[in-house]
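*Asks:* Just start_19.tsv, nothing more (TSV, C-alpha atoms and all ligand atoms):
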```tsv
chain	number	residue	atom	x	y	z
H	1	MET	CA	-11.50	-2.87	-48.12
H	2	THR	CA	-13.76	-4.18	-45.38
H	3	GLU	CA	-16.92	-6.01	-46.36
H	4	ARG	CA	-18.94	-4.33	-43.60
H	5	PHE	CA	-21.92	-2.40	-44.98
H	6	GLU	CA	-21.40	0.81	-42.93
H	7	THR	CA	-17.83	1.14	-44.15
H	8	LYS	CA	-18.61	0.22	-47.76
H	9	THR	CA	-21.38	2.87	-47.98
H	10	VAL	CA	-19.01	5.72	-47.23
H	11	HIS	CA	-15.91	4.52	-49.06
H	12	ILE	CA	-17.33	4.62	-52.56
H	13	SER	CA	-14.42	4.46	-54.94
H	14	HIS	CA	-14.08	6.93	-57.79
H	15	PRO	CA	-14.73	5.50	-61.23
H	16	HIS	CA	-11.42	5.11	-63.01
H	17	VAL	CA	-11.85	7.41	-66.01
H	18	THR	CA	-9.43	6.95	-68.87
H	19	ASP	CA	-11.42	8.87	-71.48
H	20	VAL	CA	-11.18	12.66	-71.55
H	21	SER	CA	-14.38	14.39	-70.55
H	22	LYS	CA	-15.26	17.06	-73.17
H	23	ALA	CA	-16.81	19.32	-70.56
H	24	THR	CA	-14.86	20.21	-67.43
H	25	PRO	CA	-16.04	18.05	-64.52
H	26	ILE	CA	-17.26	19.89	-61.43
H	27	TYR	CA	-14.77	19.26	-58.64
H	28	GLN	CA	-17.53	19.51	-56.05
H	29	THR	CA	-15.25	18.73	-53.17
H	30	SER	CA	-14.19	20.71	-50.13
H	31	VAL	CA	-10.84	18.92	-49.92
H	32	PHE	CA	-8.41	16.81	-51.96
H	33	ALA	CA	-7.09	13.38	-50.97
H	34	PHE	CA	-3.41	12.41	-51.08
H	35	PRO	CA	-1.83	8.99	-51.64
H	36	GLY	CA	0.77	9.74	-48.93
H	37	LEU	CA	2.53	12.37	-46.85
H	38	GLU	CA	5.10	12.91	-49.60
H	39	GLU	CA	2.34	14.33	-51.81
H	40	VAL	CA	1.16	16.61	-48.98
H	41	GLU	CA	4.73	17.92	-48.75
H	42	ALA	CA	4.75	18.31	-52.54
H	43	TYR	CA	1.68	20.57	-52.27
H	44	TYR	CA	3.42	22.84	-49.79
H	45	ALA	CA	6.52	22.84	-51.99
H	46	GLY	CA	4.34	24.18	-54.84
H	47	LYS	CA	4.54	20.94	-56.84
H	48	ARG	CA	0.84	20.04	-56.52
H	49	ASP	CA	-2.04	22.43	-57.07
H	50	TYR	CA	-4.85	21.58	-54.69
H	51	LEU	CA	-5.32	20.87	-51.00
H	52	TYR	CA	-8.55	22.43	-49.77
H	53	THR	CA	-11.19	24.23	-51.89
H	54	ARG	CA	-11.01	27.48	-49.93
H	55	ASN	CA	-7.33	27.60	-50.99
H	56	GLY	CA	-7.91	26.48	-54.56
H	57	ASN	CA	-9.98	24.22	-56.81
H	58	PRO	CA	-9.68	23.29	-60.53
H	59	ASN	CA	-13.01	24.99	-61.35
H	60	GLN	CA	-11.86	28.25	-59.73
H	61	THR	CA	-8.62	28.02	-61.70
H	62	GLU	CA	-10.42	27.37	-64.97
H	63	LEU	CA	-12.56	30.50	-64.61
H	64	ALA	CA	-9.75	32.76	-63.40
H	65	ASP	CA	-7.30	31.60	-66.10
H	66	ALA	CA	-9.90	32.04	-68.83
H	67	VAL	CA	-10.71	35.63	-67.81
H	68	ALA	CA	-7.00	36.44	-67.39
H	69	ALA	CA	-6.33	35.14	-70.92
H	70	LEU	CA	-9.19	37.18	-72.39
H	71	GLU	CA	-8.08	40.33	-70.56
H	72	GLY	CA	-4.45	39.77	-71.58
H	73	ALA	CA	-3.41	39.69	-67.91
H	74	GLU	CA	-0.56	37.75	-66.32
H	75	ARG	CA	-2.63	36.03	-63.64
H	76	GLY	CA	-6.18	35.71	-62.34
H	77	VAL	CA	-8.03	34.64	-59.22
H	78	SER	CA	-11.71	34.00	-58.69
H	79	ALA	CA	-13.80	35.06	-55.69
H	80	ALA	CA	-17.21	34.39	-54.21
H	81	SER	CA	-18.63	37.56	-55.77
H	82	GLY	CA	-17.60	40.70	-57.57
H	83	MET	CA	-17.40	42.41	-54.16
H	84	GLY	CA	-15.05	39.67	-52.90
H	85	ALA	CA	-12.76	40.28	-55.87
H	86	ILE	CA	-12.88	44.08	-55.39
H	87	MET	CA	-12.14	43.73	-51.67
H	88	ALA	CA	-9.14	41.49	-52.39
H	89	GLY	CA	-7.79	43.80	-55.10
H	90	LEU	CA	-8.04	46.89	-52.88
H	91	LEU	CA	-6.49	45.18	-49.85
H	92	ALA	CA	-3.68	43.72	-51.97
H	93	VAL	CA	-2.49	47.28	-52.59
H	94	LEU	CA	-3.72	49.54	-49.80
H	95	GLN	CA	-2.29	49.83	-46.29
H	96	PRO	CA	-3.77	51.62	-43.26
H	97	GLY	CA	-3.45	55.38	-43.79
H	98	ASP	CA	-3.46	55.17	-47.58
H	99	HIS	CA	-5.47	57.50	-49.80
H	100	LEU	CA	-7.56	56.08	-52.64
H	101	LEU	CA	-8.80	58.09	-55.61
H	102	ALA	CA	-11.90	56.88	-57.42
H	103	SER	CA	-14.20	58.08	-60.13
H	104	HIS	CA	-17.31	59.61	-58.53
H	105	GLU	CA	-19.70	57.35	-60.43
H	106	LEU	CA	-19.00	54.23	-58.45
H	107	TYR	CA	-21.12	51.10	-58.01
H	108	GLY	CA	-22.95	51.49	-54.67
H	109	GLY	CA	-21.51	48.27	-53.23
H	110	THR	CA	-17.94	49.37	-53.95
H	111	TYR	CA	-18.62	52.74	-52.33
H	112	ALA	CA	-20.12	51.02	-49.26
H	113	LEU	CA	-17.15	48.62	-48.97
H	114	ILE	CA	-14.66	51.49	-48.93
H	115	GLN	CA	-16.72	53.89	-46.80
H	116	LYS	CA	-17.97	51.43	-44.19
H	117	GLU	CA	-15.24	48.78	-44.00
H	118	LEU	CA	-11.94	50.06	-45.40
H	119	SER	CA	-12.39	53.38	-43.56
H	120	ARG	CA	-12.08	51.34	-40.34
H	121	ILE	CA	-8.47	50.65	-41.25
H	122	HIS	CA	-8.04	54.32	-42.14
H	123	ILE	CA	-8.11	53.97	-45.90
H	124	GLU	CA	-9.39	57.28	-47.15
H	125	LEU	CA	-11.54	57.62	-50.25
H	126	GLU	CA	-11.66	60.71	-52.45
H	127	LEU	CA	-14.17	60.75	-55.30
H	128	ILE	CA	-13.32	62.75	-58.40
H	129	ASP	CA	-15.57	63.70	-61.31
H	130	LEU	CA	-13.15	62.70	-64.08
H	131	THR	CA	-15.36	64.42	-66.65
H	132	LYS	CA	-14.69	67.78	-64.95
H	133	VAL	CA	-10.94	67.72	-64.22
H	134	SER	CA	-8.02	67.51	-66.62
H	135	SER	CA	-5.42	65.96	-64.31
H	136	LEU	CA	-5.02	64.27	-60.92
H	137	ALA	CA	-2.55	66.92	-59.80
H	138	GLY	CA	-4.80	68.72	-57.29
H	139	HIS	CA	-5.82	65.45	-55.64
H	140	LEU	CA	-2.51	63.77	-54.90
H	141	ARG	CA	-1.13	63.34	-51.39
H	142	PRO	CA	2.03	61.54	-50.22
H	143	THR	CA	-0.30	58.70	-49.14
H	144	THR	CA	-2.17	58.41	-52.47
H	145	LYS	CA	-1.70	54.83	-53.72
H	146	MET	CA	-4.41	53.93	-56.16
H	147	LEU	CA	-6.87	55.09	-58.80
H	148	PHE	CA	-10.06	53.03	-59.16
H	149	MET	CA	-12.43	53.47	-62.14
H	150	GLU	CA	-15.24	51.68	-63.92
H	151	THR	CA	-15.03	51.34	-67.71
H	152	ILE	CA	-18.74	52.08	-68.20
H	153	THR	CA	-20.43	53.54	-65.11
H	154	ASN	CA	-23.68	52.54	-63.49
H	155	PRO	CA	-26.41	53.75	-64.10
H	156	LEU	CA	-25.60	56.74	-66.35
H	157	LEU	CA	-23.16	54.77	-68.53
H	158	THR	CA	-20.43	57.39	-68.59
H	159	VAL	CA	-17.22	56.37	-70.35
H	160	VAL	CA	-14.15	58.40	-69.44
H	161	ASP	CA	-10.93	58.41	-71.45
H	162	LEU	CA	-9.52	55.30	-69.81
H	163	PRO	CA	-6.11	55.26	-71.59
H	164	PHE	CA	-5.57	58.92	-70.59
H	165	TRP	CA	-6.45	58.42	-66.91
H	166	ILE	CA	-4.40	55.23	-66.64
H	167	ARG	CA	-1.39	57.05	-68.12
H	168	GLU	CA	-1.94	60.00	-65.80
H	169	ALA	CA	-2.17	57.76	-62.70
H	170	LYS	CA	0.91	55.74	-63.69
H	171	GLN	CA	2.91	58.94	-64.16
H	172	HIS	CA	2.23	59.69	-60.50
H	173	GLY	CA	3.22	56.15	-59.45
H	174	LEU	CA	-0.33	55.02	-58.59
H	175	THR	CA	-1.62	51.49	-58.94
H	176	VAL	CA	-4.63	51.41	-61.26
H	177	MET	CA	-7.59	49.10	-60.75
H	178	ILE	CA	-10.45	49.00	-63.27
H	179	ASP	CA	-13.90	47.48	-62.82
H	180	ASN	CA	-14.54	46.15	-66.32
H	181	THR	CA	-17.86	44.49	-65.48
H	182	PHE	CA	-20.06	46.52	-67.85
H	183	ALA	CA	-17.69	46.45	-70.83
H	184	THR	CA	-16.12	42.97	-70.57
H	185	PRO	CA	-12.84	42.08	-72.33
H	186	TYR	CA	-14.88	41.63	-75.51
H	187	LEU	CA	-15.08	45.42	-75.76
H	188	VAL	CA	-11.97	46.63	-73.97
H	189	ARG	CA	-8.93	45.26	-72.14
H	190	PRO	CA	-7.68	47.85	-69.65
H	191	VAL	CA	-4.45	45.86	-69.09
H	192	THR	CA	-3.40	46.84	-72.62
H	193	PHE	CA	-3.43	50.49	-71.46
H	194	GLY	CA	-1.35	49.73	-68.38
H	195	ALA	CA	-3.98	48.91	-65.72
H	196	ASP	CA	-2.47	46.82	-62.91
H	197	LEU	CA	-5.67	45.10	-61.81
H	198	VAL	CA	-8.98	44.46	-63.58
H	199	VAL	CA	-12.00	43.21	-61.72
H	200	HIS	CA	-15.30	41.65	-62.78
H	201	SER	CA	-18.57	40.91	-61.19
H	202	ALA	CA	-18.74	37.60	-63.11
H	203	THR	CA	-22.35	37.58	-61.91
H	204	LYS	CA	-22.96	39.81	-64.95
H	205	TYR	CA	-21.74	39.32	-68.54
H	206	ILE	CA	-19.08	36.68	-67.77
H	207	GLY	CA	-21.76	34.32	-66.42
H	208	GLY	CA	-24.42	35.87	-68.62
H	209	HIS	CA	-27.46	33.90	-67.48
H	210	SER	CA	-28.43	35.47	-64.12
H	211	ASP	CA	-27.82	32.17	-62.37
H	212	VAL	CA	-24.43	32.61	-60.72
H	213	THR	CA	-22.76	34.96	-58.21
H	214	ALA	CA	-19.01	35.17	-58.78
H	215	GLY	CA	-16.07	37.54	-59.10
H	216	VAL	CA	-12.72	37.49	-60.90
H	217	LEU	CA	-9.65	39.65	-60.38
H	218	VAL	CA	-6.87	39.63	-62.98
H	219	GLY	CA	-3.68	41.61	-63.46
H	220	ARG	CA	-0.04	41.70	-62.47
H	221	ALA	CA	1.07	38.36	-61.03
H	222	GLY	CA	2.45	39.70	-57.73
H	223	LEU	CA	-0.69	41.67	-56.91
H	224	VAL	CA	-3.01	38.84	-57.90
H	225	GLU	CA	-1.03	36.39	-55.76
H	226	ARG	CA	-1.42	38.72	-52.76
H	227	ALA	CA	-5.15	39.05	-53.54
H	228	ARG	CA	-5.41	35.25	-53.66
H	229	GLU	CA	-4.02	35.05	-50.11
H	230	ILE	CA	-6.54	37.67	-48.97
H	231	ILE	CA	-9.41	35.72	-50.54
H	232	VAL	CA	-8.24	32.58	-48.72
H	233	HIS	CA	-7.78	34.37	-45.39
H	234	TYR	CA	-11.11	36.20	-45.52
H	235	GLY	CA	-12.95	33.09	-46.72
H	236	ALA	CA	-14.16	34.71	-49.96
H	237	SER	CA	-13.40	31.75	-52.25
H	238	LEU	CA	-15.73	30.81	-55.07
H	239	SER	CA	-17.68	27.53	-54.88
H	240	PRO	CA	-16.76	24.95	-57.53
H	241	PHE	CA	-20.28	24.81	-58.96
H	242	GLU	CA	-20.54	28.60	-59.28
H	243	ALA	CA	-17.10	28.63	-60.93
H	244	TRP	CA	-18.22	25.90	-63.32
H	245	LEU	CA	-21.41	27.80	-64.23
H	246	ALA	CA	-19.51	31.05	-64.79
H	247	ALA	CA	-16.91	29.30	-66.96
H	248	ARG	CA	-19.67	27.66	-68.97
H	249	GLY	CA	-21.39	31.02	-69.45
H	250	LEU	CA	-18.12	32.63	-70.49
H	251	LYS	CA	-17.91	30.39	-73.57
H	252	THR	CA	-20.70	32.36	-75.25
H	253	LEU	CA	-19.49	35.81	-74.13
H	254	ALA	CA	-18.53	36.97	-77.63
H	255	LEU	CA	-21.79	35.84	-79.21
H	256	ARG	CA	-23.90	37.33	-76.45
H	257	MET	CA	-22.04	40.64	-76.37
H	258	GLU	CA	-22.17	41.02	-80.14
H	259	ARG	CA	-25.92	40.51	-80.18
H	260	GLN	CA	-26.66	42.46	-76.98
H	261	CYS	CA	-24.59	45.46	-78.10
H	262	ASP	CA	-26.25	45.50	-81.53
H	263	ASN	CA	-29.70	45.29	-79.93
H	264	ALA	CA	-28.79	48.04	-77.44
H	265	LYS	CA	-27.78	50.41	-80.24
H	266	LYS	CA	-31.18	49.98	-81.91
H	267	VAL	CA	-33.05	50.26	-78.63
H	268	ALA	CA	-31.14	53.45	-77.72
H	269	ALA	CA	-32.08	54.98	-81.10
H	270	PHE	CA	-35.73	54.06	-80.52
H	271	LEU	CA	-35.75	55.57	-77.01
H	272	ARG	CA	-34.10	58.79	-78.18
H	273	ASN	CA	-37.05	59.44	-80.47
H	274	HIS	CA	-39.81	58.43	-78.08
H	275	PRO	CA	-42.03	61.30	-76.85
H	276	ALA	CA	-42.45	59.69	-73.42
H	277	VAL	CA	-38.64	59.73	-72.86
H	278	LYS	CA	-36.87	62.96	-71.92
H	279	ALA	CA	-33.28	61.68	-71.74
H	280	THR	CA	-31.43	58.62	-73.01
H	281	TYR	CA	-28.05	57.54	-71.63
H	282	TYR	CA	-25.93	55.40	-73.93
H	283	PRO	CA	-22.17	55.75	-74.57
H	284	SER	CA	-21.24	57.66	-77.72
H	285	GLU	CA	-18.98	56.37	-80.47
H	286	ALA	CA	-16.52	59.15	-79.65
H	287	ALA	CA	-16.35	58.21	-75.95
H	288	THR	CA	-15.75	54.54	-76.78
H	289	ARG	CA	-13.15	55.16	-79.51
H	290	PHE	CA	-10.48	53.32	-77.50
H	291	PHE	CA	-12.58	50.13	-77.35
H	292	ASP	CA	-11.32	47.13	-79.33
H	293	ARG	CA	-14.57	47.06	-81.31
H	294	PRO	CA	-17.00	49.65	-82.65
H	295	LYS	CA	-19.63	48.82	-80.00
H	296	GLN	CA	-20.94	50.87	-77.09
H	297	GLY	CA	-22.02	48.21	-74.62
H	298	ALA	CA	-25.36	46.59	-73.98
H	299	MET	CA	-26.79	48.88	-71.30
H	300	VAL	CA	-29.13	51.80	-71.96
H	301	SER	CA	-30.64	54.09	-69.33
H	302	PHE	CA	-33.47	56.52	-69.91
H	303	CYS	CA	-35.64	58.94	-68.00
H	304	LEU	CA	-39.39	59.25	-68.43
H	305	ALA	CA	-40.68	62.65	-69.54
H	306	ASP	CA	-43.36	62.36	-66.86
H	307	GLU	CA	-41.43	60.91	-63.92
H	308	GLU	CA	-44.66	60.35	-61.97
H	309	LYS	CA	-45.55	57.59	-64.44
H	310	ILE	CA	-42.67	55.39	-63.30
H	311	TYR	CA	-44.79	52.94	-61.27
H	312	GLN	CA	-47.22	52.61	-64.17
H	313	PHE	CA	-44.31	51.98	-66.58
H	314	TYR	CA	-43.00	48.99	-64.60
H	315	ARG	CA	-46.52	47.60	-64.06
H	316	SER	CA	-47.23	47.81	-67.79
H	317	LEU	CA	-44.36	45.53	-68.80
H	318	SER	CA	-45.48	42.04	-69.76
H	319	TRP	CA	-42.48	39.73	-70.37
H	320	MET	CA	-39.67	42.12	-69.47
H	321	LYS	CA	-38.68	41.55	-65.84
H	322	LEU	CA	-37.99	44.21	-63.23
H	323	ALA	CA	-34.85	42.86	-61.54
H	324	PRO	CA	-32.02	44.80	-59.86
H	325	SER	CA	-29.16	43.17	-61.75
H	326	LEU	CA	-28.02	43.09	-65.37
H	327	ALA	CA	-26.27	41.33	-68.19
H	328	GLY	CA	-28.40	38.20	-68.54
H	329	VAL	CA	-29.50	36.93	-71.93
H	330	GLU	CA	-33.00	38.26	-71.19
H	331	THR	CA	-33.68	41.98	-71.39
H	332	ALA	CA	-34.44	43.31	-67.91
H	333	VAL	CA	-35.10	46.69	-66.32
H	334	SER	CA	-34.14	48.08	-62.95
H	335	HIS	CA	-34.89	51.24	-61.00
H	336	PRO	CA	-31.66	52.75	-59.60
H	337	VAL	CA	-33.39	55.17	-57.20
H	338	THR	CA	-35.12	52.41	-55.23
H	339	THR	CA	-32.28	49.86	-55.47
H	340	SER	CA	-28.58	50.53	-56.22
H	341	HIS	CA	-28.78	54.29	-55.49
H	342	ARG	CA	-31.30	54.21	-52.67
H	343	ALA	CA	-28.85	55.85	-50.29
H	344	LEU	CA	-28.65	59.10	-52.32
H	345	SER	CA	-30.33	62.20	-50.86
H	346	GLU	CA	-32.88	64.05	-53.01
H	347	GLU	CA	-30.27	66.77	-53.51
H	348	GLN	CA	-27.69	64.22	-54.75
H	349	ARG	CA	-30.32	62.69	-57.04
H	350	GLN	CA	-31.06	65.99	-58.70
H	351	ALA	CA	-27.33	66.77	-58.98
H	352	THR	CA	-26.43	63.41	-60.53
H	353	GLY	CA	-29.53	62.94	-62.71
H	354	ILE	CA	-30.36	59.67	-60.95
H	355	THR	CA	-33.98	60.65	-60.40
H	356	LYS	CA	-37.28	58.86	-59.87
H	357	GLY	CA	-38.02	58.54	-63.60
H	358	LEU	CA	-34.71	56.87	-64.47
H	359	VAL	CA	-34.89	53.32	-65.84
H	360	ARG	CA	-31.81	51.15	-66.36
H	361	LEU	CA	-32.21	48.71	-69.19
H	362	SER	CA	-30.02	45.65	-69.62
H	363	VAL	CA	-30.53	44.64	-73.22
H	364	GLY	CA	-30.69	40.92	-73.96
H	365	ILE	CA	-30.41	38.69	-77.00
H	366	GLU	CA	-34.09	38.68	-78.03
H	367	ALA	CA	-35.26	39.95	-81.42
H	368	TYR	CA	-34.83	43.72	-80.98
H	369	GLU	CA	-38.28	44.34	-82.49
H	370	ASP	CA	-39.82	42.55	-79.49
H	371	ILE	CA	-37.77	44.61	-77.03
H	372	VAL	CA	-38.82	47.84	-78.73
H	373	GLU	CA	-42.50	46.81	-78.93
H	374	GLU	CA	-42.55	45.87	-75.24
H	375	LEU	CA	-40.99	49.21	-74.22
H	376	ASP	CA	-43.28	51.14	-76.54
H	377	ARG	CA	-46.37	49.47	-75.02
H	378	ALA	CA	-45.27	50.34	-71.48
H	379	LEU	CA	-44.18	53.89	-72.38
H	380	SER	CA	-47.33	54.70	-74.29
H	381	ARG	CA	-49.76	53.53	-71.67
S	401	LIG	C1	-19.97	47.44	-61.78
S	401	LIG	C2	-20.17	46.45	-60.67
S	401	LIG	N1	-19.10	46.05	-59.96
S	401	LIG	C3	-19.21	45.15	-58.95
S	401	LIG	C4	-20.44	44.64	-58.59
S	401	LIG	C5	-20.53	43.67	-57.45
S	401	LIG	O1	-20.64	42.38	-57.94
S	401	LIG	P1	-21.34	41.17	-57.14
S	401	LIG	O2	-22.78	41.51	-57.01
S	401	LIG	O3	-21.05	39.98	-58.00
S	401	LIG	O4	-20.66	41.11	-55.81
S	401	LIG	C6	-21.59	45.01	-59.31
S	401	LIG	C7	-22.90	44.47	-58.95
S	401	LIG	O5	-23.92	44.89	-59.43
S	401	LIG	C8	-21.44	45.95	-60.38
S	401	LIG	O6	-22.49	46.36	-61.08
```
What would you get if you wrote out this structure as structure tokens?
*Replies:*
Amino acid sequence: MTERFETKTVHISHPHVTDVSKATPIYQTSVFAFPGLEEVEAYYAGKRDYLYTRNGNPNQTELADAVAALEGAERGVSAASGMGAIMAGLLAVLQPGDHLLASHELYGGTYALIQKELSRIHIELELIDLTKVSSLAGHLRPTTKMLFMETITNPLLTVVDLPFWIREAKQHGLTVMIDNTFATPYLVRPVTFGADLVVHSATKYIGGHSDVTAGVLVGRAGLVERAREIIVHYGASLSPFEAWLAARGLKTLALRMERQCDNAKKVAAFLRNHPAVKATYYPSEAATRFFDRPKQGAMVSFCLADEEKIYQFYRSLSWMKLAPSLAGVETAVSHPVTTSHRALSEEQRQATGITKGLVRLSVGIEAYEDIVEELDRALSR
């Protein structure tokens, strides 16, 4: 190595580490270096794992493999956001001209992706209220390729009979993709019922601390490999640091979910009996009977009896934050009508029950008494 200062400053050698780091290091690098051309060839021959971070990085792999293992899936891939993972999963299956069936209670971003972007390549979306029909029969076309559902819907927290609908879709030869963001593999693993792809906004419970934006897609190896190519081609790869944060958050998923679900059950019971609340939305034990555990999730939605008091309700909160996301360790509230469901017409709002007085509550890990006292203060004002 040259002794010249300018050269020495940039060619800092890596410390030679022989001890095993307990925590995964962050591979905060855009590219990987090779001892020689033989090793570059080895990468292309599939004998080395990493070349360039958009194509792959150990932190991305760690997160994707961990979620795949928890979901019981063959393979996983991470993406820059939940939307990146959903986009890759849909495009891995659908071709121009294909028809996609989806449950009518769909996250607004997923709906926008399909309606505004995938429609441009003539992928046609048909929304079905799965609580009102008993089979897919009347909705199938020769071009129907996929059924897309969310385990617990946003914001009314509907849980449909997932095993039944997966079976029904598979009987008709459809690929099934499930957004398991709200339930997490702690509560249910759709792959065990035959789902082909399962997607997560890891921004939510997987990360768990409202400090990371990430997505993960897991499922059948062939589909996930195709999705990985799409993520690379569209430039939707996850940054190493975000992957590291999400993987770190994931380690406490079970503890957080246990506590958050238990708190949510108590908070839902409190809201049901509050005179200032006219409706409470929280999955029933019967609806969630196919879950791996006797828990109903950690989200609760409710509607004020006097919907005009909604501004006053949010203003009256002291420590509980109004923030349009969910699943952090802190309890937070959001207002679907002015955020995630802003695009709905007044008519659609009345029809769906997503009205001005609706509050979506993401229950955290605090002492539940404090959550209840804070809500009671704001509701009673
Ligand atoms: C159920 C669900 N799926 C997907 C997404 C999109 O995830 P991200 O914001 O990480 O892109 C969200 C975001 O709120 C969501 O709630």
*Asks:* For ligand LIG 401 (chain S), collect every residue having any atom at a distance of at most 9 Å from a ligand atom (counting only C-alpha atoms and all ligand atoms); output as a count of residues only.
*Replies:* 36
*Asks:* Step by step: start from the point (-22.0, 36.5, -71.3) in the file's coordinates, keep every protein, DNA or RNA residue that has an atom no farther than 9 Å from it, count only C-alpha atoms, and write the set as a PyMOL selection string.
*Replies:* chain H and resi 184+202+204-209+246+249-257+327-329
*Asks:* How would the residues just chosen look if you wrote them out with C-alpha atoms as a PDB file, in the coordinates of the input?
*Replies:*
```pdb
ATOM      1  CA  THR H 184     -16.120  42.970 -70.570  1.00  0.00           C
ATOM      2  CA  ALA H 202     -18.740  37.600 -63.110  1.00  0.00           C
ATOM      3  CA  LYS H 204     -22.960  39.810 -64.950  1.00  0.00           C
ATOM      4  CA  TYR H 205     -21.740  39.320 -68.540  1.00  0.00           C
ATOM      5  CA  ILE H 206     -19.080  36.680 -67.770  1.00  0.00           C
ATOM      6  CA  GLY H 207     -21.760  34.320 -66.420  1.00  0.00           C
ATOM      7  CA  GLY H 208     -24.420  35.870 -68.620  1.00  0.00           C
ATOM      8  CA  HIS H 209     -27.460  33.900 -67.480  1.00  0.00           C
ATOM      9  CA  ALA H 246     -19.510  31.050 -64.790  1.00  0.00           C
ATOM     10  CA  GLY H 249     -21.390  31.020 -69.450  1.00  0.00           C
ATOM     11  CA  LEU H 250     -18.120  32.630 -70.490  1.00  0.00           C
ATOM     12  CA  LYS H 251     -17.910  30.390 -73.570  1.00  0.00           C
ATOM     13  CA  THR H 252     -20.700  32.360 -75.250  1.00  0.00           C
ATOM     14  CA  LEU H 253     -19.490  35.810 -74.130  1.00  0.00           C
ATOM     15  CA  ALA H 254     -18.530  36.970 -77.630  1.00  0.00           C
ATOM     16  CA  LEU H 255     -21.790  35.840 -79.210  1.00  0.00           C
ATOM     17  CA  ARG H 256     -23.900  37.330 -76.450  1.00  0.00           C
ATOM     18  CA  MET H 257     -22.040  40.640 -76.370  1.00  0.00           C
ATOM     19  CA  ALA H 327     -26.270  41.330 -68.190  1.00  0.00           C
ATOM     20  CA  GLY H 328     -28.400  38.200 -68.540  1.00  0.00           C
ATOM     21  CA  VAL H 329     -29.500  36.930 -71.930  1.00  0.00           C
TER      22      VAL H 329
END
```
*Asks:* For a quick check of understanding, using only C-alpha atoms, which of H:Ile371, H:Ala323, H:Met177, H:Ala227 has the smallest distance to H:Val267?
*Replies:* H:Ile371
*Asks:* Calculate how many Å separate atom CA of H:Arg167 from atom CA of H:Ala79, rounding to one decimal.
*Replies:* 28.1 Å
*Asks:* Atom CA of H:Asp161 and atom CA of H:Phe193, how far apart in Å?
*Replies:*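 Computed distance, atom CA of H:Phe193 to atom CA of H:Asp161, equals 10.9 Å.
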*Asks:* Please report the interatomic distance between atom CA of H:Pro240 and atom CA of H:Asp19 in Å with one decimal.
*Replies:*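 Atom-to-atom, atom CA of H:Pro240 to atom CA of H:Asp19, that is 21.9 Å.
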*Asks:* Using all atoms listed in the file, pick whichever of H:Arg120, H:Arg293, H:Arg4, H:His104 has the shortest atom-to-atom distance to H:Val133.
*Replies:* H:His104
*Asks:* Measuring between all atoms listed in the file, which one of H:His341, H:Arg360, H:His122, H:His99 shows the shortest distance to H:Tyr282?
*Replies:*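 Selected residue with least distance to H:Tyr282: H:Arg360.
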*Asks:* Once 4 Å is added on each side, what centre and edge lengths in Å to one decimal does the axis-aligned box around all listed atoms of stretch 210-222 of chain H have, as lines of an AutoDock Vina configuration file?
*Replies:*
```
center_x = -13.0
center_y = 36.9
center_z = -60.9
size_x = 38.9
size_y = 17.5
size_z = 14.4
```
*Asks:* So which one's closest to H:Arg226, H:Arg75, H:His11, H:Arg272, H:Arg342? Using only C-alpha atoms, please.
*Replies:*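 Selected residue with least distance to H:Arg226: H:Arg75.
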*Asks:* Write out as a list in words which residues come within 7 Å of H:Met146 when counting all atoms listed in the file, dropping same-chain ones fewer than 5 positions away.
*Replies:*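 Selected residues are Leu100, Leu101, Leu174, Thr175 and Val176 of chain H.
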*Asks:* Here is a test: counting all atoms listed in the file, which residue of H:Thr53, H:Thr355, H:Thr192, H:Ser334 is nearest to H:Asp292?
*Replies:* H:Thr192
*Asks:* For H:Val160, which residue among H:Thr280, H:Ser345, H:Thr288, H:Thr7 is the nearest when counting only C-alpha atoms?
*Replies:* H:Thr288
*Asks:* Counting all atoms listed in the file, which residues have an atom no more than 10 Å from (-3.0, 59.0, -55.2) in the file's coordinates? Please list them as JSON, numbers by chain.
*Replies:* {"H": [98, 99, 100, 101, 102, 125, 126, 136, 137, 139, 140, 141, 142, 143, 144, 145, 146, 147, 169, 170, 172, 173, 174, 175, 176]}
*Asks:* Mind filling out stretch 101-105 of chain H with N, CA, C and O atoms and sending it as a PDB file, in the coordinates of the input?
*Replies:*
```
ATOM      1  N   LEU H 101      -8.010  57.244 -54.711  1.00  0.00           N
ATOM      2  CA  LEU H 101      -8.800  58.090 -55.610  1.00  0.00           C
ATOM      3  C   LEU H 101      -9.725  57.202 -56.426  1.00  0.00           C
ATOM      4  O   LEU H 101      -9.322  56.119 -56.876  1.00  0.00           O
ATOM      5  N   ALA H 102     -10.963  57.662 -56.605  1.00  0.00           N
ATOM      6  CA  ALA H 102     -11.900  56.880 -57.420  1.00  0.00           C
ATOM      7  C   ALA H 102     -12.800  57.814 -58.194  1.00  0.00           C
ATOM      8  O   ALA H 102     -13.084  58.934 -57.761  1.00  0.00           O
ATOM      9  N   SER H 103     -13.246  57.318 -59.330  1.00  0.00           N
ATOM     10  CA  SER H 103     -14.200  58.080 -60.130  1.00  0.00           C
ATOM     11  C   SER H 103     -15.496  58.210 -59.330  1.00  0.00           C
ATOM     12  O   SER H 103     -15.909  57.276 -58.636  1.00  0.00           O
ATOM     13  N   HIS H 104     -16.155  59.369 -59.407  1.00  0.00           N
ATOM     14  CA  HIS H 104     -17.310  59.610 -58.530  1.00  0.00           C
ATOM     15  C   HIS H 104     -18.527  58.769 -58.867  1.00  0.00           C
ATOM     16  O   HIS H 104     -19.390  58.575 -58.040  1.00  0.00           O
ATOM     17  N   GLU H 105     -18.587  58.252 -60.103  1.00  0.00           N
ATOM     18  CA  GLU H 105     -19.700  57.350 -60.430  1.00  0.00           C
ATOM     19  C   GLU H 105     -19.240  55.932 -60.143  1.00  0.00           C
ATOM     20  O   GLU H 105     -18.645  55.268 -60.972  1.00  0.00           O
TER      21      GLU H 105
END
```
